[in-house]
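Text of run-v7.cif, listed as mmCIF, C-alpha atoms:
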data_work
#
loop_
_atom_site.group_PDB
_atom_site.id
_atom_site.type_symbol
_atom_site.label_atom_id
_atom_site.label_comp_id
_atom_site.auth_asym_id
_atom_site.auth_seq_id
_atom_site.Cartn_x
_atom_site.Cartn_y
_atom_site.Cartn_z
ATOM 1 C CA MET X 208 -18.085 -85.966 30.276
ATOM 2 C CA LYS X 209 -20.921 -88.034 28.861
ATOM 3 C CA ALA X 210 -19.165 -87.973 25.501
ATOM 4 C CA LEU X 211 -15.962 -89.019 27.209
ATOM 5 C CA SER X 212 -17.536 -92.056 28.862
ATOM 6 C CA ALA X 213 -19.237 -92.951 25.585
ATOM 7 C CA ILE X 214 -15.826 -92.876 23.925
ATOM 8 C CA ALA X 215 -14.381 -94.968 26.753
ATOM 9 C CA LEU X 216 -17.188 -97.494 26.283
ATOM 10 C CA LEU X 217 -16.594 -97.576 22.552
ATOM 11 C CA LEU X 218 -12.857 -98.132 23.004
ATOM 12 C CA VAL X 219 -13.441 -100.925 25.487
ATOM 13 C CA SER X 220 -15.986 -102.570 23.207
ATOM 14 C CA LEU X 221 -13.768 -102.196 20.149
ATOM 15 C CA ALA X 222 -11.039 -104.036 21.975
ATOM 16 C CA SER X 223 -13.702 -106.748 22.393
ATOM 17 C CA HIS X 224 -11.599 -108.990 24.592
ATOM 18 C CA ALA X 225 -13.127 -110.196 27.826
ATOM 19 C CA GLU X 226 -13.007 -107.851 30.789
ATOM 20 C CA THR X 227 -13.754 -108.579 34.395
ATOM 21 C CA PRO X 228 -17.261 -107.672 35.624
ATOM 22 C CA GLN X 229 -15.581 -105.077 37.876
ATOM 23 C CA GLN X 230 -13.971 -103.375 34.875
ATOM 24 C CA VAL X 231 -17.218 -103.333 32.956
ATOM 25 C CA ARG X 232 -19.132 -102.055 35.981
ATOM 26 C CA GLN X 233 -16.601 -99.259 36.451
ATOM 27 C CA ILE X 234 -17.674 -97.752 33.127
ATOM 28 C CA TYR X 235 -21.189 -97.263 34.517
ATOM 29 C CA VAL X 236 -19.932 -96.180 37.958
ATOM 30 C CA ASN X 237 -17.832 -93.446 36.327
ATOM 31 C CA GLU X 238 -20.768 -92.330 34.247
ATOM 32 C CA ALA X 239 -23.040 -92.248 37.317
ATOM 33 C CA ILE X 240 -20.470 -90.249 39.314
ATOM 34 C CA SER X 241 -20.288 -87.699 36.516
ATOM 35 C CA GLN X 242 -24.028 -87.126 37.003
ATOM 36 C CA GLN X 243 -24.036 -87.372 40.781
ATOM 37 C CA ALA X 244 -20.682 -86.938 42.527
ATOM 38 C CA ALA X 245 -21.623 -88.849 45.707
ATOM 39 C CA PHE X 246 -22.730 -92.034 43.895
ATOM 40 C CA THR X 247 -21.534 -95.375 45.217
ATOM 41 C CA PRO X 248 -22.928 -98.580 43.697
ATOM 42 C CA SER X 249 -25.211 -100.700 45.878
ATOM 43 C CA ALA X 250 -25.997 -104.393 45.541
ATOM 44 C CA LYS X 251 -29.093 -103.849 47.677
ATOM 45 C CA ARG X 252 -30.538 -101.262 45.284
ATOM 46 C CA GLY X 253 -29.567 -103.539 42.397
ATOM 47 C CA GLU X 254 -31.501 -106.406 43.925
ATOM 48 C CA ALA X 255 -34.560 -104.214 44.498
ATOM 49 C CA PHE X 256 -34.408 -103.203 40.830
ATOM 50 C CA PHE X 257 -34.080 -106.849 39.773
ATOM 51 C CA ARG X 258 -37.244 -107.699 41.750
ATOM 52 C CA GLN X 259 -39.270 -104.621 40.846
ATOM 53 C CA ARG X 260 -42.467 -105.152 38.846
ATOM 54 C CA PHE X 261 -42.504 -102.545 36.120
ATOM 55 C CA ALA X 262 -45.629 -104.048 34.537
ATOM 56 C CA ILE X 263 -45.038 -102.289 31.198
ATOM 57 C CA ASN X 264 -44.985 -105.559 29.311
ATOM 58 C CA ASP X 265 -47.701 -108.192 29.926
ATOM 59 C CA LYS X 266 -45.439 -111.138 29.212
ATOM 60 C CA MET X 267 -42.396 -109.692 30.938
ATOM 61 C CA PRO X 268 -43.554 -107.498 33.847
ATOM 62 C CA ALA X 269 -40.180 -107.823 35.659
ATOM 63 C CA CYS X 270 -36.613 -109.050 35.199
ATOM 64 C CA THR X 271 -37.707 -112.132 37.131
ATOM 65 C CA SER X 272 -40.248 -113.067 34.416
ATOM 66 C CA CYS X 273 -37.428 -114.630 32.408
ATOM 67 C CA HIS X 274 -34.554 -114.775 34.892
ATOM 68 C CA THR X 275 -36.518 -116.307 37.844
ATOM 69 C CA ASP X 276 -36.446 -114.993 41.432
ATOM 70 C CA ASN X 277 -32.917 -116.267 41.851
ATOM 71 C CA PRO X 278 -30.207 -114.992 39.471
ATOM 72 C CA LEU X 279 -28.097 -118.031 40.347
ATOM 73 C CA ASN X 280 -30.637 -120.215 38.536
ATOM 74 C CA ALA X 281 -31.040 -120.699 34.805
ATOM 75 C CA GLY X 282 -34.039 -118.828 33.442
ATOM 76 C CA GLN X 283 -36.520 -119.395 30.662
ATOM 77 C CA HIS X 284 -37.510 -116.844 28.013
ATOM 78 C CA ALA X 285 -41.120 -115.863 28.778
ATOM 79 C CA VAL X 286 -42.131 -115.958 25.121
ATOM 80 C CA THR X 287 -39.952 -118.494 23.352
ATOM 81 C CA GLY X 288 -39.267 -120.862 26.270
ATOM 82 C CA LYS X 289 -35.539 -120.937 25.513
ATOM 83 C CA THR X 290 -33.271 -121.650 28.474
ATOM 84 C CA ILE X 291 -31.329 -118.586 29.621
ATOM 85 C CA ARG X 292 -28.048 -119.136 31.449
ATOM 86 C CA PRO X 293 -27.855 -117.651 34.968
ATOM 87 C CA LEU X 294 -27.320 -113.892 35.317
ATOM 88 C CA ALA X 295 -25.161 -114.184 38.434
ATOM 89 C CA VAL X 296 -21.411 -114.201 37.845
ATOM 90 C CA ALA X 297 -21.053 -116.840 40.596
ATOM 91 C CA ALA X 298 -23.129 -119.249 38.491
ATOM 92 C CA ASN X 299 -22.002 -118.193 35.008
ATOM 93 C CA ALA X 300 -18.410 -117.030 34.613
ATOM 94 C CA GLU X 301 -19.071 -115.486 31.192
ATOM 95 C CA ARG X 302 -21.618 -113.010 32.551
ATOM 96 C CA LEU X 303 -20.870 -109.282 32.500
ATOM 97 C CA SER X 304 -17.467 -109.791 30.901
ATOM 98 C CA ASP X 305 -18.194 -108.295 27.477
ATOM 99 C CA PRO X 306 -18.998 -104.557 27.685
ATOM 100 C CA ALA X 307 -20.689 -104.440 24.269
ATOM 101 C CA LYS X 308 -22.926 -107.362 25.168
ATOM 102 C CA VAL X 309 -23.802 -105.881 28.559
ATOM 103 C CA GLU X 310 -24.754 -102.566 26.970
ATOM 104 C CA LYS X 311 -26.739 -104.282 24.224
ATOM 105 C CA TRP X 312 -28.879 -106.212 26.711
ATOM 106 C CA PHE X 313 -29.391 -103.238 29.016
ATOM 107 C CA GLY X 314 -30.534 -101.404 25.893
ATOM 108 C CA ARG X 315 -33.041 -104.048 24.837
ATOM 109 C CA ASN X 316 -34.328 -105.204 28.200
ATOM 110 C CA CYS X 317 -34.639 -101.762 29.813
ATOM 111 C CA LYS X 318 -36.701 -100.602 26.848
ATOM 112 C CA GLU X 319 -38.903 -103.698 26.877
ATOM 113 C CA VAL X 320 -39.314 -104.376 30.589
ATOM 114 C CA VAL X 321 -38.618 -101.055 32.341
ATOM 115 C CA GLY X 322 -40.190 -99.065 29.526
ATOM 116 C CA ARG X 323 -37.308 -96.582 29.238
ATOM 117 C CA ALA X 324 -33.509 -96.499 29.107
ATOM 118 C CA CYS X 325 -31.891 -97.398 32.437
ATOM 119 C CA THR X 326 -29.681 -94.787 34.101
ATOM 120 C CA PRO X 327 -25.945 -95.401 34.589
ATOM 121 C CA ALA X 328 -26.591 -95.588 38.358
ATOM 122 C CA GLU X 329 -29.224 -98.316 37.882
ATOM 123 C CA LYS X 330 -26.871 -100.264 35.628
ATOM 124 C CA ALA X 331 -23.991 -99.955 38.117
ATOM 125 C CA ASP X 332 -26.224 -101.132 40.998
ATOM 126 C CA PHE X 333 -27.617 -104.022 38.965
ATOM 127 C CA MET X 334 -24.136 -105.191 37.986
ATOM 128 C CA THR X 335 -22.984 -104.944 41.591
ATOM 129 C CA TYR X 336 -25.834 -107.188 42.730
ATOM 130 C CA LEU X 337 -25.157 -109.762 40.000
ATOM 131 C CA SER X 338 -21.426 -109.751 40.705
ATOM 132 C CA GLU X 339 -21.868 -110.252 44.440
ATOM 133 C CA VAL X 340 -24.909 -112.511 44.814
ATOM 134 C CA ARG X 341 -23.989 -115.970 46.108
ATOM 135 C CA MET M 10 -33.630 -159.892 -2.185
ATOM 136 C CA LYS M 11 -30.756 -157.506 -2.614
ATOM 137 C CA GLN M 12 -33.000 -155.139 -4.534
ATOM 138 C CA PHE M 13 -35.643 -155.406 -1.868
ATOM 139 C CA LEU M 14 -33.096 -154.516 0.804
ATOM 140 C CA LEU M 15 -31.968 -151.516 -1.203
ATOM 141 C CA ILE M 16 -35.525 -150.262 -1.534
ATOM 142 C CA ALA M 17 -36.147 -150.803 2.170
ATOM 143 C CA LEU M 18 -32.932 -148.939 2.934
ATOM 144 C CA LEU M 19 -33.850 -146.041 0.665
ATOM 145 C CA GLY M 20 -37.313 -145.883 2.179
ATOM 146 C CA SER M 21 -35.922 -145.624 5.663
ATOM 147 C CA ALA M 22 -33.188 -143.181 4.672
ATOM 148 C CA PHE M 23 -35.486 -140.587 3.097
ATOM 149 C CA PRO M 24 -37.665 -139.701 6.062
ATOM 150 C CA ALA M 25 -34.498 -139.516 8.142
ATOM 151 C CA LEU M 26 -32.964 -137.131 5.619
ATOM 152 C CA ALA M 27 -36.009 -134.917 5.787
ATOM 153 C CA ASP M 28 -35.578 -134.656 9.568
ATOM 154 C CA ARG M 29 -31.932 -133.723 9.400
ATOM 155 C CA MET M 30 -31.246 -130.091 8.754
ATOM 156 C CA PRO M 31 -27.663 -129.268 9.711
ATOM 157 C CA MET M 32 -26.694 -125.623 10.074
ATOM 158 C CA PRO M 33 -24.725 -124.605 6.955
ATOM 159 C CA ALA M 34 -21.045 -124.649 7.860
ATOM 160 C CA ASN M 35 -20.487 -121.061 6.725
ATOM 161 C CA ALA M 36 -22.936 -119.521 9.204
ATOM 162 C CA PRO M 37 -21.496 -116.109 10.138
ATOM 163 C CA ALA M 38 -20.712 -115.488 13.821
ATOM 164 C CA SER M 39 -23.179 -112.581 13.759
ATOM 165 C CA PHE M 40 -26.007 -114.943 12.841
ATOM 166 C CA ILE M 41 -25.278 -117.278 15.749
ATOM 167 C CA ALA M 42 -24.758 -114.428 18.238
ATOM 168 C CA GLU M 43 -27.790 -112.345 17.234
ATOM 169 C CA CYS M 44 -30.296 -115.065 16.369
ATOM 170 C CA SER M 45 -29.716 -117.550 19.155
ATOM 171 C CA SER M 46 -29.937 -115.463 22.314
ATOM 172 C CA CYS M 47 -33.736 -115.435 22.655
ATOM 173 C CA HIS M 48 -34.470 -118.541 20.604
ATOM 174 C CA LEU M 49 -32.722 -121.358 18.833
ATOM 175 C CA ALA M 50 -30.734 -120.243 15.787
ATOM 176 C CA TYR M 51 -33.324 -121.598 13.372
ATOM 177 C CA GLN M 52 -31.844 -123.265 10.317
ATOM 178 C CA PRO M 53 -32.219 -121.046 7.219
ATOM 179 C CA ALA M 54 -33.929 -123.928 5.382
ATOM 180 C CA LEU M 55 -36.943 -123.606 7.710
ATOM 181 C CA LEU M 56 -38.200 -120.517 5.860
ATOM 182 C CA ALA M 57 -38.192 -119.284 2.261
ATOM 183 C CA ALA M 58 -35.897 -116.440 1.122
ATOM 184 C CA LYS M 59 -38.760 -113.973 0.657
ATOM 185 C CA ASP M 60 -39.945 -114.622 4.223
ATOM 186 C CA TRP M 61 -36.458 -114.174 5.688
ATOM 187 C CA ARG M 62 -36.284 -110.836 3.864
ATOM 188 C CA VAL M 63 -39.566 -109.734 5.450
ATOM 189 C CA LEU M 64 -38.342 -110.792 8.922
ATOM 190 C CA MET M 65 -34.964 -109.130 8.534
ATOM 191 C CA SER M 66 -36.551 -105.862 7.424
ATOM 192 C CA GLY M 67 -38.665 -105.645 10.585
ATOM 193 C CA LEU M 68 -36.240 -106.628 13.365
ATOM 194 C CA SER M 69 -36.983 -103.593 15.537
ATOM 195 C CA GLU M 70 -40.438 -105.104 16.098
ATOM 196 C CA HIS M 71 -39.647 -108.782 16.013
ATOM 197 C CA PHE M 72 -42.688 -110.590 17.489
ATOM 198 C CA GLY M 73 -42.986 -107.942 20.160
ATOM 199 C CA SER M 74 -39.263 -107.555 20.860
ATOM 200 C CA ASP M 75 -36.646 -105.146 19.619
ATOM 201 C CA ALA M 76 -34.095 -107.413 17.956
ATOM 202 C CA ALA M 77 -32.486 -104.727 15.785
ATOM 203 C CA VAL M 78 -28.904 -105.264 14.637
ATOM 204 C CA ASP M 79 -26.530 -102.809 12.938
ATOM 205 C CA SER M 80 -26.688 -102.564 9.153
ATOM 206 C CA LYS M 81 -23.460 -104.471 8.537
ATOM 207 C CA LYS M 82 -24.699 -107.448 10.552
ATOM 208 C CA ALA M 83 -28.163 -107.202 8.994
ATOM 209 C CA GLN M 84 -26.625 -107.471 5.509
ATOM 210 C CA GLU M 85 -24.401 -110.364 6.491
ATOM 211 C CA ILE M 86 -27.220 -112.289 8.183
ATOM 212 C CA THR M 87 -29.741 -111.620 5.393
ATOM 213 C CA ALA M 88 -27.289 -112.807 2.730
ATOM 214 C CA PHE M 89 -26.620 -116.002 4.681
ATOM 215 C CA LEU M 90 -30.338 -116.691 5.178
ATOM 216 C CA GLU M 91 -31.153 -116.059 1.516
ATOM 217 C CA ARG M 92 -28.311 -118.240 0.287
ATOM 218 C CA ASN M 93 -29.458 -121.177 2.408
ATOM 219 C CA ALA M 94 -33.206 -120.601 2.503
ATOM 220 C CA GLY M 95 -35.735 -123.391 2.112
ATOM 221 C CA ASN M 96 -37.809 -124.223 -0.937
ATOM 222 C CA ALA M 97 -40.819 -121.874 -0.923
ATOM 223 C CA SER M 98 -43.228 -124.269 -2.601
ATOM 224 C CA ARG M 99 -42.376 -127.148 -0.284
ATOM 225 C CA LEU M 100 -42.597 -125.020 2.872
ATOM 226 C CA GLY M 101 -45.868 -123.365 1.928
ATOM 227 C CA ASN M 102 -47.201 -119.982 3.015
ATOM 228 C CA ALA M 103 -45.639 -118.736 6.267
ATOM 229 C CA GLY M 104 -48.142 -115.935 6.887
ATOM 230 C CA ASN M 105 -47.414 -112.307 7.686
ATOM 231 C CA PRO M 106 -45.329 -111.751 9.695
ATOM 232 C CA PRO M 107 -43.784 -115.005 8.493
ATOM 233 C CA ARG M 108 -43.576 -117.718 11.146
ATOM 234 C CA ILE M 109 -41.782 -121.030 10.749
ATOM 235 C CA THR M 110 -44.571 -122.559 12.842
ATOM 236 C CA GLN M 111 -47.193 -121.388 10.334
ATOM 237 C CA THR M 112 -45.657 -122.963 7.266
ATOM 238 C CA SER M 113 -47.715 -125.817 5.840
ATOM 239 C CA ARG M 114 -44.723 -128.077 6.264
ATOM 240 C CA PHE M 115 -44.441 -127.384 10.000
ATOM 241 C CA ILE M 116 -48.195 -127.796 10.515
ATOM 242 C CA ARG M 117 -48.264 -131.066 8.583
ATOM 243 C CA LYS M 118 -45.295 -132.428 10.527
ATOM 244 C CA HIS M 119 -46.928 -131.583 13.875
ATOM 245 C CA ASP M 120 -50.580 -132.285 13.139
ATOM 246 C CA GLU M 121 -50.716 -135.249 15.526
ATOM 247 C CA ILE M 122 -49.524 -133.262 18.566
ATOM 248 C CA PRO M 123 -52.449 -132.713 20.972
ATOM 249 C CA ALA M 124 -53.076 -129.110 22.086
ATOM 250 C CA ARG M 125 -52.277 -129.892 25.719
ATOM 251 C CA PHE M 126 -48.646 -130.530 24.804
ATOM 252 C CA TRP M 127 -48.298 -127.093 23.254
ATOM 253 C CA ARG M 128 -49.531 -125.631 26.541
ATOM 254 C CA ASP M 129 -47.069 -127.671 28.613
ATOM 255 C CA PRO M 130 -44.797 -125.270 30.566
ATOM 256 C CA ARG M 131 -41.772 -127.268 29.426
ATOM 257 C CA ILE M 132 -42.675 -126.382 25.852
ATOM 258 C CA LYS M 133 -44.321 -122.973 26.269
ATOM 259 C CA SER M 134 -44.209 -122.108 22.588
ATOM 260 C CA ALA M 135 -44.170 -123.945 19.283
ATOM 261 C CA ALA M 136 -41.062 -121.872 18.560
ATOM 262 C CA ASN M 137 -39.233 -123.717 21.345
ATOM 263 C CA CYS M 138 -37.989 -126.572 19.122
ATOM 264 C CA GLU M 139 -35.446 -127.755 21.676
ATOM 265 C CA ALA M 140 -38.104 -128.553 24.285
ATOM 266 C CA CYS M 141 -38.943 -131.690 22.281
ATOM 267 C CA HIS M 142 -36.168 -131.932 19.695
ATOM 268 C CA GLY M 143 -33.102 -132.000 21.946
ATOM 269 C CA GLY M 144 -30.821 -132.047 18.903
ATOM 270 C CA ALA M 145 -32.558 -129.152 17.118
ATOM 271 C CA ALA M 146 -29.551 -126.838 17.357
ATOM 272 C CA LYS M 147 -27.548 -129.494 15.493
ATOM 273 C CA GLY M 148 -30.336 -129.933 12.979
ATOM 274 C CA ASN M 149 -31.704 -133.198 14.328
ATOM 275 C CA TYR M 150 -35.506 -133.158 14.205
ATOM 276 C CA SER M 151 -35.916 -136.915 14.046
ATOM 277 C CA GLU M 152 -39.042 -138.300 15.681
ATOM 278 C CA ARG M 153 -36.935 -140.978 17.325
ATOM 279 C CA ASP M 154 -35.021 -138.398 19.351
ATOM 280 C CA ILE M 155 -37.928 -136.512 20.853
ATOM 281 C CA ALA M 156 -37.001 -135.578 24.419
ATOM 282 C CA ILE M 157 -40.448 -135.762 26.022
ATOM 283 C CA PRO M 158 -41.223 -139.487 26.262
ATOM 284 C CA GLU M 159 -45.024 -139.081 26.078
ATOM 285 C CA LEU M 160 -44.554 -137.395 22.719
ATOM 286 C CA ARG M 161 -42.281 -139.946 21.149
ATOM 287 C CA GLU M 162 -45.086 -142.134 19.831
#

Rewritten as structure tokens:
Amino acid sequence: MKALSAIALLLVSLASHAETPQQVRQIYVNEAISQQAAFTPSAKRGEAFFRQRFAINDKMPACTSCHTDNPLNAGQHAVTGKTIRPLAVAANAERLSDPAKVEKWFGRNCKEVVGRACTPAEKADFMTYLSEVR
Amino acid sequence: MKQFLLIALLGSAFPALADRMPMPANAPASFIAECSSCHLAYQPALLAAKDWRVLMSGLSEHFGSDAAVDSKKAQEITAFLERNAGNASRLGNAGNPPRITQTSRFIRKHDEIPARFWRDPRIKSAANCEACHGGAAKGNYSERDIAIPELRE
């Protein structure tokens, strides 16, 4: 099943045309359900994750270190100072629409800030929060 | 008089030329996508070819971040950087790991900037060219276009 969702992800990313955030999120929801049948994504859990201080990385202890407390706002890279466009779909229509990009940034940021790979359930929750926050 | 004007014109054109560093037109999409998400896509001419090679060979630990790219993109980006790299002797030593902000050229060009400006939260890092040089992404580093008024002098 894991292999199957990996293949699904690969196919979607090979197609490389823009998807809706819901379509991209569904990839992670399916993967989470395969691990835990009763899983339903939660914006509330996603928000808690967004605000959690992992404190693995001195310069970036939490998502909010670069993305600010409000995902509707533009952020600033904690090291380079570069402006980061808002994470929330409501404020940035391009967000969460490219599955390869979404997976790439979960890969990098989970490793750097969370200190490990994020689970499919965490990714699904996080995407739900960012898709719904107004 | 005409000659004098020409000399004056040349004199004013050269410093301006030195502050203009347009991105080479053939920049691959992978370079823009991979190298401009955490920082400005620095123009290849800002570092020498040997320094770009060192940077590109250590992307998984890129100034504390994992910026690794797949091997096809790494080849494409490295080739582009090498082809358009700056003149090593004019840039000077960039240190190890190489930093644009450690090249003698960068230091000389910024030697009048007081330390308090580097600590300004709007600037945050010397690597944040755009904080002061609003046109940096387009290769405009002219002193006349510095975005923070106190720094324009």

Quick one: contact table of chain M to chain X, 12 Å max, nearest atom pair and distance in Å to one decimal per residue, counting all atoms listed in the file, chain and number order, as a Markdown table?
| residue | atom | partner | partner_atom | distance |
| --- | --- | --- | --- | --- |
| M:Ala42 | CA | X:Lys308 | CA | 10.1 |
| M:Glu43 | CA | X:Lys308 | CA | 10.6 |
| M:Ser45 | CA | X:Lys289 | CA | 9.3 |
| M:Ser46 | CA | X:Ile291 | CA | 8.1 |
| M:Cys47 | CA | X:Lys289 | CA | 6.5 |
| M:His48 | CA | X:Lys289 | CA | 5.6 |
| M:Leu49 | CA | X:Lys289 | CA | 7.3 |
| M:Ala50 | CA | X:Lys289 | CA | 10.9 |
| M:Ser69 | CA | X:Arg315 | CA | 10.1 |
| M:Glu70 | CA | X:Glu319 | CA | 11.0 |
| M:His71 | CA | X:Val286 | CA | 11.9 |
| M:Phe72 | CA | X:Val286 | CA | 9.3 |
| M:Gly73 | CA | X:Glu319 | CA | 8.9 |
| M:Ser74 | CA | X:Glu319 | CA | 7.2 |
| M:Asp75 | CA | X:Arg315 | CA | 6.4 |
| M:Ala76 | CA | X:Arg315 | CA | 7.7 |
| M:Ala77 | CA | X:Arg315 | CA | 9.1 |
| M:Val78 | CA | X:Lys311 | CA | 9.9 |
| M:Asp79 | CA | X:Lys311 | CA | 11.4 |
| M:Trp127 | CA | X:Gly288 | CA | 11.4 |
| M:Arg128 | CA | X:Gly288 | CA | 11.3 |
| M:Asp129 | CA | X:Gly288 | CA | 10.6 |
| M:Pro130 | CA | X:Gly288 | CA | 8.3 |
| M:Arg131 | CA | X:Gly288 | CA | 7.6 |
| M:Ile132 | CA | X:Gly288 | CA | 6.5 |
| M:Lys133 | CA | X:Gly288 | CA | 5.5 |
| M:Ser134 | CA | X:Thr287 | CA | 5.6 |
| M:Ala135 | CA | X:Thr287 | CA | 8.0 |
| M:Ala136 | CA | X:Thr287 | CA | 6.0 |
| M:Asn137 | CA | X:Thr287 | CA | 5.6 |
| M:Cys138 | CA | X:Lys289 | CA | 8.9 |
| M:Glu139 | CA | X:Lys289 | CA | 7.8 |
| M:Ala140 | CA | X:Gly288 | CA | 8.0 |
| M:Cys141 | CA | X:Gly288 | CA | 11.5 |
| M:Gly143 | CA | X:Lys289 | CA | 11.9 |
| M:Ala146 | CA | X:Lys289 | CA | 11.7 |

Selection above as a file: C-alpha atoms, as a PDB file, keeping the file's coordinate frame:
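The resulting file, again10.pdb, is reproduced below:
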ATOM      1  CA  ALA M  42     -24.758-114.428  18.238  1.00  0.00           C
ATOM      2  CA  GLU M  43     -27.790-112.345  17.234  1.00  0.00           C
ATOM      3  CA  SER M  45     -29.716-117.550  19.155  1.00  0.00           C
ATOM      4  CA  SER M  46     -29.937-115.463  22.314  1.00  0.00           C
ATOM      5  CA  CYS M  47     -33.736-115.435  22.655  1.00  0.00           C
ATOM      6  CA  HIS M  48     -34.470-118.541  20.604  1.00  0.00           C
ATOM      7  CA  LEU M  49     -32.722-121.358  18.833  1.00  0.00           C
ATOM      8  CA  ALA M  50     -30.734-120.243  15.787  1.00  0.00           C
ATOM      9  CA  SER M  69     -36.983-103.593  15.537  1.00  0.00           C
ATOM     10  CA  GLU M  70     -40.438-105.104  16.098  1.00  0.00           C
ATOM     11  CA  HIS M  71     -39.647-108.782  16.013  1.00  0.00           C
ATOM     12  CA  PHE M  72     -42.688-110.590  17.489  1.00  0.00           C
ATOM     13  CA  GLY M  73     -42.986-107.942  20.160  1.00  0.00           C
ATOM     14  CA  SER M  74     -39.263-107.555  20.860  1.00  0.00           C
ATOM     15  CA  ASP M  75     -36.646-105.146  19.619  1.00  0.00           C
ATOM     16  CA  ALA M  76     -34.095-107.413  17.956  1.00  0.00           C
ATOM     17  CA  ALA M  77     -32.486-104.727  15.785  1.00  0.00           C
ATOM     18  CA  VAL M  78     -28.904-105.264  14.637  1.00  0.00           C
ATOM     19  CA  ASP M  79     -26.530-102.809  12.938  1.00  0.00           C
ATOM     20  CA  TRP M 127     -48.298-127.093  23.254  1.00  0.00           C
ATOM     21  CA  ARG M 128     -49.531-125.631  26.541  1.00  0.00           C
ATOM     22  CA  ASP M 129     -47.069-127.671  28.613  1.00  0.00           C
ATOM     23  CA  PRO M 130     -44.797-125.270  30.566  1.00  0.00           C
ATOM     24  CA  ARG M 131     -41.772-127.268  29.426  1.00  0.00           C
ATOM     25  CA  ILE M 132     -42.675-126.382  25.852  1.00  0.00           C
ATOM     26  CA  LYS M 133     -44.321-122.973  26.269  1.00  0.00           C
ATOM     27  CA  SER M 134     -44.209-122.108  22.588  1.00  0.00           C
ATOM     28  CA  ALA M 135     -44.170-123.945  19.283  1.00  0.00           C
ATOM     29  CA  ALA M 136     -41.062-121.872  18.560  1.00  0.00           C
ATOM     30  CA  ASN M 137     -39.233-123.717  21.345  1.00  0.00           C
ATOM     31  CA  CYS M 138     -37.989-126.572  19.122  1.00  0.00           C
ATOM     32  CA  GLU M 139     -35.446-127.755  21.676  1.00  0.00           C
ATOM     33  CA  ALA M 140     -38.104-128.553  24.285  1.00  0.00           C
ATOM     34  CA  CYS M 141     -38.943-131.690  22.281  1.00  0.00           C
ATOM     35  CA  GLY M 143     -33.102-132.000  21.946  1.00  0.00           C
ATOM     36  CA  ALA M 146     -29.551-126.838  17.357  1.00  0.00           C
TER      37      ALA M 146
END

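Taking atom CA of Leu64 of chain M as the reference point, atom CA of Arg108 of chain M is found at 9.0 Å.
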
message: What would the selection look like, as a VMD selection string, if the PyMOL selection byres ((chain X and resi 259) around 12) were run on the coordinates I just shared?
response: chain X and resid 252 to 258 260 to 263 267 to 272 276 320 to 321 333

query: What does the PyMOL selection byres ((chain X and resi 338) around 7) select in this file, as a VMD selection string?
result: chain X and resid 228 295 to 296 334 to 337 339 to 340

Using C-alpha atoms, can you export the residues from the last selection as an mmCIF file, in the coordinates of the input?
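Output contents, as saved in out.cif:
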data_model
loop_
_atom_site.group_PDB
_atom_site.id
_atom_site.type_symbol
_atom_site.label_atom_id
_atom_site.label_comp_id
_atom_site.auth_asym_id
_atom_site.auth_seq_id
_atom_site.Cartn_x
_atom_site.Cartn_y
_atom_site.Cartn_z
ATOM 1 C CA PRO X 228 -17.261 -107.672 35.624
ATOM 2 C CA ALA X 295 -25.161 -114.184 38.434
ATOM 3 C CA VAL X 296 -21.411 -114.201 37.845
ATOM 4 C CA MET X 334 -24.136 -105.191 37.986
ATOM 5 C CA THR X 335 -22.984 -104.944 41.591
ATOM 6 C CA TYR X 336 -25.834 -107.188 42.730
ATOM 7 C CA LEU X 337 -25.157 -109.762 40.000
ATOM 8 C CA GLU X 339 -21.868 -110.252 44.440
ATOM 9 C CA VAL X 340 -24.909 -112.511 44.814
#

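Between atom CA of Phe313 of chain X and atom CA of Glu301 of chain X there is a distance of 16.2 Å.
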
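Atom CA of Arg292 of chain X lies 25.3 Å from atom CA of Pro33 of chain M.
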
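Distances from M:Asn149, M:Ser39, M:Lys118, M:Pro106 to Ser80 of chain M were compared using all atoms listed in the file, and the smallest one belongs to M:Ser39.
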
field: Residues near segment 245-247 of chain X, cut-off 9 Å, only C-alpha atoms, skip fewer than 4 positions along chain, as a ChimeraX atom specification
entry: /X:236,239-241,328,331-332

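Considering the residues X:Ala244, X:Ala298, X:Glu310, X:Asp265 and counting only C-alpha atoms, Asn280 of chain X has its shortest atom-to-atom contact with X:Ala298.
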
query: Taking the file as shown, what set of residues would the PyMOL selection byres ((chain M and resi 87-92) around 9) give back, as number ranges by chain?
result: M: 35-37, 40, 52-54, 56-59, 61-62, 65, 82-86, 93-95

Provide an axis-aligned box for all listed atoms of segment 26-36 of chain M, padding each side by 3 Å; report its centre and its edge lengths in Å to one decimal, as JSON.
{"center_x": -28.2, "center_y": -128.3, "center_z": 7.8, "size_x": 21.5, "size_y": 23.6, "size_z": 10.5}

message: Neighbouring residues of Asn105 of chain M were defined as those with any atom within 10 Å, considering all atoms listed in the file; residues of the same chain fewer than 2 positions away were excluded. Please report them as a list in words.
response: Asp60, Val63, Leu64, Asn102, Ala103, Pro107, Arg108 and Gln111 of chain M
